[in-house]
Amino acid sequence: MPPRVNSSSAAVLAALVLGLFWCVEGIDVNAPQVDRVLLLLTGLGLAWAALRDSPLAAAGAAAYAVLVAASERLHREPLADGSDVLRATAESLDVVFAGGNPYTHVLQSTNPVGSPFVYPPGELAWYAVPYALFGDITRVDTWAGIAIVAAIAAAGFRLGMANVALPAMLYAAWGTAGFRALDGQNDVSGSLLVVLALVALVFAEREGRWSNGALVVSAVLFGWAIAFKQFAVLVLPPVARYVAVRGAGWRRYVLVVVGVVAAFIAPFFVRDPGAFVDKQIAALTFHDEIWGANILNTLSQHGDPTMLVPMFTAFSLAGTLGLVLLTLRWRIPSLGAAALAGAGIVMLPLLLARWTTQPYYVYVGAIAACGIALFVTRIRAE
């Protein structure tokens, strides 16, 4: 009879082997980086420990993922000619600090000049402190990418490190996620808030006041995520549905989320409702060309698909609404399933859009990696 394979041990080994693959790929053969050589040796040692069923191997693999994430991202230099998103954010923060309104200001740092500032106020709040302290925000998303891996690994304290090691490593070793944390975009930071909200829900399974506190913290973070980037609103329905299925106070959860979003938006909306709403609509309409990793741009290689844009827009709206309604009728079995469903809902409008940049998929990827880690999670029923 063949020996039984422990699935947890296999997952830990898979995480470590993936980390070793990354080390081999990432080491400069002409000038080997000390940290990456040490990571290679550490990975080999942890893999041996996992083969011997050491009880510390899983925790070591999760910590190893965080170190891989740090090395992957800290060795990279910010792109000098990257996206103008963080330049626009920095300029908008200057306007806010001077008492102005970023939603009526004409941006000078964008390409083209005069592009609208389309991000909700939660984005400004996220970058405000590092900008005030250091005068620079180009490295914020570097640390946000590392924090995503650390947050997934931290869920292991509740779920078991063997369940989180591989998902943490999947994101840690993803070179595209590392690159997009330094190209001037804000999607890595935006996805971190969603990941933190999901991980906080893991700890809502505890008995007593800690459970209630974790639920509120998760809702606050989710509200901030929506007030940072509009994508997050599509992840909320399956998560709220899961909270409802488990009997964990979904009305209060959604109410806190809405309250936090309103708290971020209200000062700017009241100041100039028309300008604020106009800029939020511009987030959907500003890019009018067909470009990026989507179906329309794929079709453009075989002819002009412009006439298909209205049909794709209708499919996107109807399909997204349909998926949201479907999740609201589903007895979602785990928090991870809810997160993966949310990631899937976001994917539909990205694929059907006329303009889709790669960082959008990095945003979804962080949520998906977290969802895999949380696939076994069930919130305690009250």
# chains A, B, ... in the order shown; residues from 1 in each chain; ligands from 1
>>> residues_around(residues="Tyr119 in chain A", least_positions_apart="3", cutoff="7 Å", atoms="only C-alpha atoms", output="list in words")
Glu123, Phe228 and Lys229 of chain A
>>> select_by_dssp(residues="range 76-311 of chain A", states="alpha helix (DSSP H)", output="ChimeraX atom specification")
/A:85-97,121-134,140-154,156-159,161-172,175-180,187-202,209-228,236-245,250-271,273-285,295-299,309-311
>>> residues_around(residues="Thr110 in chain A", least_positions_apart="2", cutoff="9 Å", atoms="only C-alpha atoms", output="list of chain:residue names")
A:Ser83, A:Asp84, A:Val85, A:Arg87, A:Ala88, A:Leu107, A:Gln108, A:Pro112, A:Val113, A:Gly114, A:Ser115, A:Pro116
>>> residues_around(residues="range 248-253 of chain A", least_positions_apart="3", cutoff="10 Å", atoms="only C-alpha atoms", output="PDB file with N, CA and C atoms, in the first residue's frame")
ATOM      1  N   ALA A 204     -12.452  37.263  13.716  1.00  0.00           N
ATOM      2  CA  ALA A 204     -13.814  37.422  14.225  1.00  0.00           C
ATOM      3  C   ALA A 204     -14.404  36.088  14.665  1.00  0.00           C
ATOM      4  N   GLU A 205     -13.662  35.019  14.468  1.00  0.00           N
ATOM      5  CA  GLU A 205     -14.119  33.710  14.920  1.00  0.00           C
ATOM      6  C   GLU A 205     -13.902  33.512  16.416  1.00  0.00           C
ATOM      7  N   SER A 211     -13.948  39.078  19.136  1.00  0.00           N
ATOM      8  CA  SER A 211     -14.638  38.766  17.886  1.00  0.00           C
ATOM      9  C   SER A 211     -15.371  39.988  17.354  1.00  0.00           C
ATOM     10  N   ASN A 212     -16.120  40.660  18.217  1.00  0.00           N
ATOM     11  CA  ASN A 212     -16.851  41.858  17.806  1.00  0.00           C
ATOM     12  C   ASN A 212     -15.900  42.968  17.364  1.00  0.00           C
ATOM     13  N   LEU A 215     -14.556  42.235  13.934  1.00  0.00           N
ATOM     14  CA  LEU A 215     -15.575  42.477  12.919  1.00  0.00           C
ATOM     15  C   LEU A 215     -15.653  43.958  12.570  1.00  0.00           C
ATOM     16  N   VAL A 216     -15.601  44.808  13.587  1.00  0.00           N
ATOM     17  CA  VAL A 216     -15.659  46.253  13.360  1.00  0.00           C
ATOM     18  C   VAL A 216     -14.397  46.731  12.646  1.00  0.00           C
ATOM     19  N   VAL A 217     -13.235  46.238  13.067  1.00  0.00           N
ATOM     20  CA  VAL A 217     -11.978  46.625  12.405  1.00  0.00           C
ATOM     21  C   VAL A 217     -12.013  46.238  10.930  1.00  0.00           C
ATOM     22  N   SER A 218     -12.507  45.038  10.648  1.00  0.00           N
ATOM     23  CA  SER A 218     -12.616  44.602   9.261  1.00  0.00           C
ATOM     24  C   SER A 218     -13.515  45.536   8.461  1.00  0.00           C
ATOM     25  N   ALA A 219     -14.654  45.915   9.038  1.00  0.00           N
ATOM     26  CA  ALA A 219     -15.589  46.798   8.335  1.00  0.00           C
ATOM     27  C   ALA A 219     -14.974  48.170   8.089  1.00  0.00           C
ATOM     28  N   VAL A 220     -14.229  48.692   9.078  1.00  0.00           N
ATOM     29  CA  VAL A 220     -13.566  49.985   8.910  1.00  0.00           C
ATOM     30  C   VAL A 220     -12.557  49.916   7.769  1.00  0.00           C
ATOM     31  N   PHE A 222     -12.544  47.810   5.284  1.00  0.00           N
ATOM     32  CA  PHE A 222     -13.256  47.621   4.020  1.00  0.00           C
ATOM     33  C   PHE A 222     -13.821  48.958   3.534  1.00  0.00           C
ATOM     34  N   GLY A 223     -14.359  49.747   4.457  1.00  0.00           N
ATOM     35  CA  GLY A 223     -14.840  51.059   4.064  1.00  0.00           C
ATOM     36  C   GLY A 223     -13.729  51.925   3.505  1.00  0.00           C
ATOM     37  N   VAL A 239     -18.568  39.115   0.549  1.00  0.00           N
ATOM     38  CA  VAL A 239     -18.056  39.101   1.921  1.00  0.00           C
ATOM     39  C   VAL A 239     -19.194  39.358   2.905  1.00  0.00           C
ATOM     40  N   ALA A 240     -20.034  40.359   2.606  1.00  0.00           N
ATOM     41  CA  ALA A 240     -21.180  40.636   3.481  1.00  0.00           C
ATOM     42  C   ALA A 240     -22.135  39.451   3.509  1.00  0.00           C
ATOM     43  N   ARG A 241     -22.307  38.793   2.382  1.00  0.00           N
ATOM     44  CA  ARG A 241     -23.175  37.611   2.338  1.00  0.00           C
ATOM     45  C   ARG A 241     -22.608  36.499   3.202  1.00  0.00           C
ATOM     46  N   TYR A 242     -21.301  36.314   3.169  1.00  0.00           N
ATOM     47  CA  TYR A 242     -20.701  35.292   4.020  1.00  0.00           C
ATOM     48  C   TYR A 242     -20.896  35.612   5.498  1.00  0.00           C
ATOM     49  N   VAL A 243     -20.712  36.890   5.849  1.00  0.00           N
ATOM     50  CA  VAL A 243     -20.944  37.299   7.236  1.00  0.00           C
ATOM     51  C   VAL A 243     -22.389  37.005   7.634  1.00  0.00           C
ATOM     52  N   ALA A 244     -23.316  37.241   6.711  1.00  0.00           N
ATOM     53  CA  ALA A 244     -24.730  36.968   7.000  1.00  0.00           C
ATOM     54  C   ALA A 244     -24.984  35.471   7.153  1.00  0.00           C
ATOM     55  N   VAL A 245     -24.410  34.661   6.274  1.00  0.00           N
ATOM     56  CA  VAL A 245     -24.598  33.205   6.331  1.00  0.00           C
ATOM     57  C   VAL A 245     -24.116  32.653   7.659  1.00  0.00           C
ATOM     58  N   VAL A 256     -21.242  49.899   9.109  1.00  0.00           N
ATOM     59  CA  VAL A 256     -19.936  50.485   9.423  1.00  0.00           C
ATOM     60  C   VAL A 256     -19.172  50.785   8.138  1.00  0.00           C
ATOM     61  N   VAL A 257     -19.203  49.867   7.182  1.00  0.00           N
ATOM     62  CA  VAL A 257     -18.530  50.100   5.892  1.00  0.00           C
ATOM     63  C   VAL A 257     -19.060  51.370   5.237  1.00  0.00           C
ATOM     64  N   VAL A 258     -20.376  51.480   5.151  1.00  0.00           N
ATOM     65  CA  VAL A 258     -20.983  52.655   4.518  1.00  0.00           C
ATOM     66  C   VAL A 258     -20.647  53.920   5.304  1.00  0.00           C
ATOM     67  N   GLY A 259     -20.661  53.836   6.622  1.00  0.00           N
ATOM     68  CA  GLY A 259     -20.335  54.998   7.441  1.00  0.00           C
ATOM     69  C   GLY A 259     -18.920  55.485   7.219  1.00  0.00           C
ATOM     70  N   ILE A 379     -16.625  32.106  10.006  1.00  0.00           N
ATOM     71  CA  ILE A 379     -16.850  33.005  11.127  1.00  0.00           C
ATOM     72  C   ILE A 379     -17.781  32.350  12.137  1.00  0.00           C
ATOM     73  N   ARG A 380     -17.474  32.549  13.396  1.00  0.00           N
ATOM     74  CA  ARG A 380     -18.306  32.001  14.453  1.00  0.00           C
ATOM     75  C   ARG A 380     -19.721  32.574  14.364  1.00  0.00           C
ATOM     76  N   ALA A 381     -20.715  31.690  14.408  1.00  0.00           N
ATOM     77  CA  ALA A 381     -22.112  32.127  14.432  1.00  0.00           C
ATOM     78  C   ALA A 381     -22.471  32.624  15.820  1.00  0.00           C
ATOM     79  N   GLU A 382     -23.202  33.734  15.884  1.00  0.00           N
ATOM     80  CA  GLU A 382     -23.589  34.300  17.177  1.00  0.00           C
ATOM     81  C   GLU A 382     -24.860  33.594  17.676  1.00  0.00           C
TER      82      GLU A 382
END
>>> residues_around(residues="Trp22 in chain A", least_positions_apart="5", cutoff="10 Å", atoms="only C-alpha atoms", output="list of chain:residue names")
A:Leu16, A:Val17, A:Ile27, A:Arg36, A:Leu39, A:Leu40, A:Val68, A:Glu72, A:Met169, A:Ala172, A:Ala173, A:Trp174, A:Gly175
>>> write_last_selection(atoms="N, CA and C atoms", output="mmCIF file, in the first residue's frame")
data_model
loop_
_atom_site.group_PDB
_atom_site.id
_atom_site.type_symbol
_atom_site.label_atom_id
_atom_site.label_comp_id
_atom_site.auth_asym_id
_atom_site.auth_seq_id
_atom_site.Cartn_x
_atom_site.Cartn_y
_atom_site.Cartn_z
ATOM 1 N N LEU A 16 7.892 26.280 -0.378
ATOM 2 C CA LEU A 16 9.345 26.402 -0.278
ATOM 3 C C LEU A 16 10.024 26.203 -1.632
ATOM 4 N N VAL A 17 9.542 25.250 -2.412
ATOM 5 C CA VAL A 17 10.114 25.037 -3.740
ATOM 6 C C VAL A 17 9.869 26.253 -4.623
ATOM 7 N N ILE A 27 18.718 35.583 -8.476
ATOM 8 C CA ILE A 27 20.135 35.801 -8.160
ATOM 9 C C ILE A 27 20.888 36.233 -9.417
ATOM 10 N N ARG A 36 19.862 37.099 -1.249
ATOM 11 C CA ARG A 36 19.188 36.075 -2.034
ATOM 12 C C ARG A 36 19.909 34.732 -1.958
ATOM 13 N N LEU A 39 18.793 33.428 1.272
ATOM 14 C CA LEU A 39 17.428 32.924 1.148
ATOM 15 C C LEU A 39 17.400 31.562 0.459
ATOM 16 N N LEU A 40 18.281 31.361 -0.504
ATOM 17 C CA LEU A 40 18.370 30.065 -1.168
ATOM 18 C C LEU A 40 18.779 28.982 -0.164
ATOM 19 N N VAL A 68 11.061 36.663 1.139
ATOM 20 C CA VAL A 68 11.122 36.654 -0.326
ATOM 21 C C VAL A 68 10.439 37.897 -0.880
ATOM 22 N N GLU A 72 12.322 40.648 -3.156
ATOM 23 C CA GLU A 72 11.793 40.885 -4.506
ATOM 24 C C GLU A 72 11.519 42.362 -4.743
ATOM 25 N N MET A 169 3.398 32.748 -0.467
ATOM 26 C CA MET A 169 4.529 32.665 -1.389
ATOM 27 C C MET A 169 4.115 32.953 -2.822
ATOM 28 N N ALA A 172 4.207 36.604 -2.943
ATOM 29 C CA ALA A 172 5.553 37.110 -2.661
ATOM 30 C C ALA A 172 6.474 36.985 -3.871
ATOM 31 N N ALA A 173 6.393 35.842 -4.552
ATOM 32 C CA ALA A 173 7.312 35.552 -5.650
ATOM 33 C C ALA A 173 6.800 36.034 -6.994
ATOM 34 N N TRP A 174 5.640 36.670 -7.026
ATOM 35 C CA TRP A 174 5.043 37.143 -8.275
ATOM 36 C C TRP A 174 5.764 38.407 -8.724
ATOM 37 N N GLY A 175 6.605 38.268 -9.730
ATOM 38 C CA GLY A 175 7.416 39.387 -10.181
ATOM 39 C C GLY A 175 6.606 40.573 -10.663
#
>>> residues_around(residues="Ala153 in chain A", least_positions_apart="6", cutoff="10 Å", atoms="only C-alpha atoms", output="PyMOL selection string")
chain A and resi 59+61-66+147+159-169+199+370+373
>>> write_last_selection(atoms="all heavy atoms", output="compact mmCIF listing (two decimals), in the first residue's frame")
# COMPACT_ATOMS: atom_id res chain seq x y z
N ALA A 59 5.52 27.32 9.84
CA ALA A 59 5.72 28.70 10.26
C ALA A 59 6.96 29.29 9.59
O ALA A 59 6.97 30.46 9.17
CB ALA A 59 5.86 28.78 11.78
N ALA A 61 8.08 28.46 6.66
CA ALA A 61 7.75 28.72 5.26
C ALA A 61 6.96 30.02 5.10
O ALA A 61 7.18 30.78 4.15
CB ALA A 61 6.95 27.55 4.68
N ALA A 62 6.04 30.29 6.04
CA ALA A 62 5.27 31.54 5.98
C ALA A 62 6.18 32.75 6.18
O ALA A 62 6.07 33.75 5.46
CB ALA A 62 4.16 31.51 7.03
N ALA A 63 7.09 32.66 7.15
CA ALA A 63 8.05 33.74 7.37
C ALA A 63 8.99 33.89 6.18
O ALA A 63 9.35 35.01 5.79
CB ALA A 63 8.85 33.47 8.64
N TYR A 64 9.36 32.76 5.58
CA TYR A 64 10.22 32.76 4.40
C TYR A 64 9.55 33.52 3.26
O TYR A 64 10.22 34.27 2.52
CB TYR A 64 10.48 31.30 4.00
CG TYR A 64 11.47 31.09 2.89
CD1 TYR A 64 12.76 31.56 2.98
CD2 TYR A 64 11.11 30.36 1.75
CE1 TYR A 64 13.69 31.32 1.97
CE2 TYR A 64 12.02 30.11 0.73
CZ TYR A 64 13.30 30.60 0.84
OH TYR A 64 14.21 30.36 -0.15
N ALA A 65 8.23 33.39 3.11
CA ALA A 65 7.50 34.11 2.07
C ALA A 65 7.62 35.62 2.27
O ALA A 65 7.78 36.37 1.30
CB ALA A 65 6.04 33.68 2.06
N VAL A 66 7.56 36.06 3.51
CA VAL A 66 7.68 37.49 3.79
C VAL A 66 9.08 37.99 3.40
O VAL A 66 9.23 39.07 2.82
CB VAL A 66 7.39 37.79 5.27
CG1 VAL A 66 7.57 39.27 5.57
CG2 VAL A 66 5.98 37.35 5.64
N ALA A 147 3.62 44.02 3.01
CA ALA A 147 2.59 43.90 4.05
C ALA A 147 1.48 42.95 3.63
O ALA A 147 0.88 42.28 4.49
CB ALA A 147 2.01 45.28 4.36
N LEU A 159 -5.42 30.15 11.45
CA LEU A 159 -5.80 29.06 10.55
C LEU A 159 -4.81 27.92 10.51
O LEU A 159 -5.13 26.85 10.01
CB LEU A 159 -5.96 29.60 9.12
CG LEU A 159 -6.90 30.78 8.92
CD1 LEU A 159 -6.86 31.23 7.47
CD2 LEU A 159 -8.30 30.40 9.32
N GLY A 160 -3.60 28.16 11.00
CA GLY A 160 -2.52 27.20 10.84
C GLY A 160 -1.60 27.63 9.72
O GLY A 160 -2.06 27.98 8.62
N MET A 161 -0.32 27.67 10.00
CA MET A 161 0.65 28.18 9.03
C MET A 161 0.71 27.35 7.75
O MET A 161 1.00 27.87 6.67
CB MET A 161 2.04 28.24 9.68
CG MET A 161 2.15 29.27 10.79
SD MET A 161 1.91 30.96 10.16
CE MET A 161 1.98 31.90 11.69
N ALA A 162 0.38 26.08 7.84
CA ALA A 162 0.40 25.24 6.64
C ALA A 162 -0.64 25.68 5.62
O ALA A 162 -0.48 25.45 4.42
CB ALA A 162 0.17 23.78 7.02
N ASN A 163 -1.71 26.33 6.09
CA ASN A 163 -2.76 26.78 5.17
C ASN A 163 -2.41 28.09 4.46
O ASN A 163 -3.02 28.40 3.43
CB ASN A 163 -4.08 26.97 5.94
CG ASN A 163 -4.69 25.65 6.36
OD1 ASN A 163 -4.70 24.70 5.61
ND2 ASN A 163 -5.20 25.61 7.59
N VAL A 164 -1.48 28.85 5.01
CA VAL A 164 -1.20 30.17 4.44
C VAL A 164 0.15 30.25 3.74
O VAL A 164 0.39 31.22 3.01
CB VAL A 164 -1.28 31.25 5.54
CG1 VAL A 164 -2.64 31.24 6.22
CG2 VAL A 164 -0.16 31.09 6.57
N ALA A 165 1.03 29.29 3.95
CA ALA A 165 2.40 29.42 3.42
C ALA A 165 2.42 29.51 1.90
O ALA A 165 3.08 30.38 1.33
CB ALA A 165 3.24 28.23 3.90
N LEU A 166 1.69 28.62 1.23
CA LEU A 166 1.71 28.62 -0.23
C LEU A 166 1.05 29.86 -0.82
O LEU A 166 1.64 30.50 -1.71
CB LEU A 166 1.08 27.34 -0.78
CG LEU A 166 1.07 27.21 -2.31
CD1 LEU A 166 2.48 27.34 -2.88
CD2 LEU A 166 0.42 25.89 -2.73
N PRO A 167 -0.16 30.26 -0.38
CA PRO A 167 -0.73 31.51 -0.92
C PRO A 167 0.16 32.73 -0.68
O PRO A 167 0.27 33.60 -1.55
CB PRO A 167 -2.07 31.63 -0.18
CG PRO A 167 -2.40 30.25 0.23
CD PRO A 167 -1.10 29.58 0.52
N ALA A 168 0.78 32.79 0.50
CA ALA A 168 1.68 33.91 0.78
C ALA A 168 2.85 33.91 -0.20
O ALA A 168 3.24 34.96 -0.72
CB ALA A 168 2.18 33.84 2.22
N MET A 169 3.40 32.75 -0.47
CA MET A 169 4.53 32.66 -1.39
C MET A 169 4.12 32.95 -2.82
O MET A 169 4.89 33.53 -3.60
CB MET A 169 5.19 31.29 -1.30
CG MET A 169 6.47 31.16 -2.11
SD MET A 169 7.79 32.29 -1.55
CE MET A 169 8.36 31.39 -0.10
N VAL A 199 -8.37 39.55 6.45
CA VAL A 199 -7.62 38.88 7.52
C VAL A 199 -8.21 39.24 8.88
O VAL A 199 -8.28 38.39 9.78
CB VAL A 199 -6.13 39.26 7.44
CG1 VAL A 199 -5.38 38.73 8.66
CG2 VAL A 199 -5.51 38.68 6.16
N CYS A 370 -5.08 35.91 -1.05
CA CYS A 370 -5.63 35.91 0.31
C CYS A 370 -6.81 34.95 0.39
O CYS A 370 -6.96 34.22 1.38
CB CYS A 370 -6.06 37.33 0.70
SG CYS A 370 -6.61 37.48 2.41
N ALA A 373 -5.77 31.42 0.91
CA ALA A 373 -5.32 31.18 2.29
C ALA A 373 -6.50 31.03 3.24
O ALA A 373 -6.42 30.28 4.22
CB ALA A 373 -4.42 32.33 2.74
>>> residues_around(residues="range 339-351 of chain A", least_positions_apart="3", cutoff="6 Å", atoms="only C-alpha atoms", output="list of chain:residue names")
A:Val235, A:Asn294, A:Ile295, A:Ser316, A:Gly336, A:Val364, A:Ala368, A:Gly371
>>> write_last_selection(atoms="N, CA and C atoms", output="short mmCIF file (atom, residue, chain, number, x, y, z; two decimals), in the first residue's frame")
data_model
loop_
_atom_site.label_atom_id
_atom_site.label_comp_id
_atom_site.auth_asym_id
_atom_site.auth_seq_id
_atom_site.Cartn_x
_atom_site.Cartn_y
_atom_site.Cartn_z
N VAL A 235 -16.20 43.66 -4.21
CA VAL A 235 -15.79 42.56 -3.34
C VAL A 235 -16.69 42.49 -2.10
N ASN A 294 -7.42 43.17 -22.28
CA ASN A 294 -8.85 42.93 -22.28
C ASN A 294 -9.28 42.34 -23.62
N ILE A 295 -10.53 41.97 -23.70
CA ILE A 295 -11.02 41.28 -24.89
C ILE A 295 -11.09 42.21 -26.09
N SER A 316 -20.98 44.11 -19.58
CA SER A 316 -20.23 44.31 -18.34
C SER A 316 -21.17 44.70 -17.20
N GLY A 336 -12.71 32.42 2.39
CA GLY A 336 -11.88 32.38 1.19
C GLY A 336 -12.72 32.32 -0.07
N VAL A 364 -6.41 42.50 -8.13
CA VAL A 364 -7.23 41.30 -7.99
C VAL A 364 -6.40 40.13 -7.47
N ALA A 368 -7.11 37.40 -4.51
CA ALA A 368 -7.21 35.97 -4.82
C ALA A 368 -6.25 35.15 -3.96
N GLY A 371 -7.64 34.92 -0.63
CA GLY A 371 -8.79 34.02 -0.64
C GLY A 371 -8.40 32.56 -0.55
#
>>> closest_residue(among="A:Asp183, A:Trp126, A:Thr356, A:Leu221", to="Leu198 in chain A", atoms="only C-alpha atoms")
A:Leu221
>>> closest_residue(among="A:Leu44, A:Pro102, A:Ala132, A:Ala293", to="Val118 in chain A", atoms="only C-alpha atoms")
A:Pro102
>>> closest_residue(among="A:Arg329, A:Arg271, A:Arg354, A:His75", to="Leu299 in chain A", atoms="only C-alpha atoms")
A:Arg354
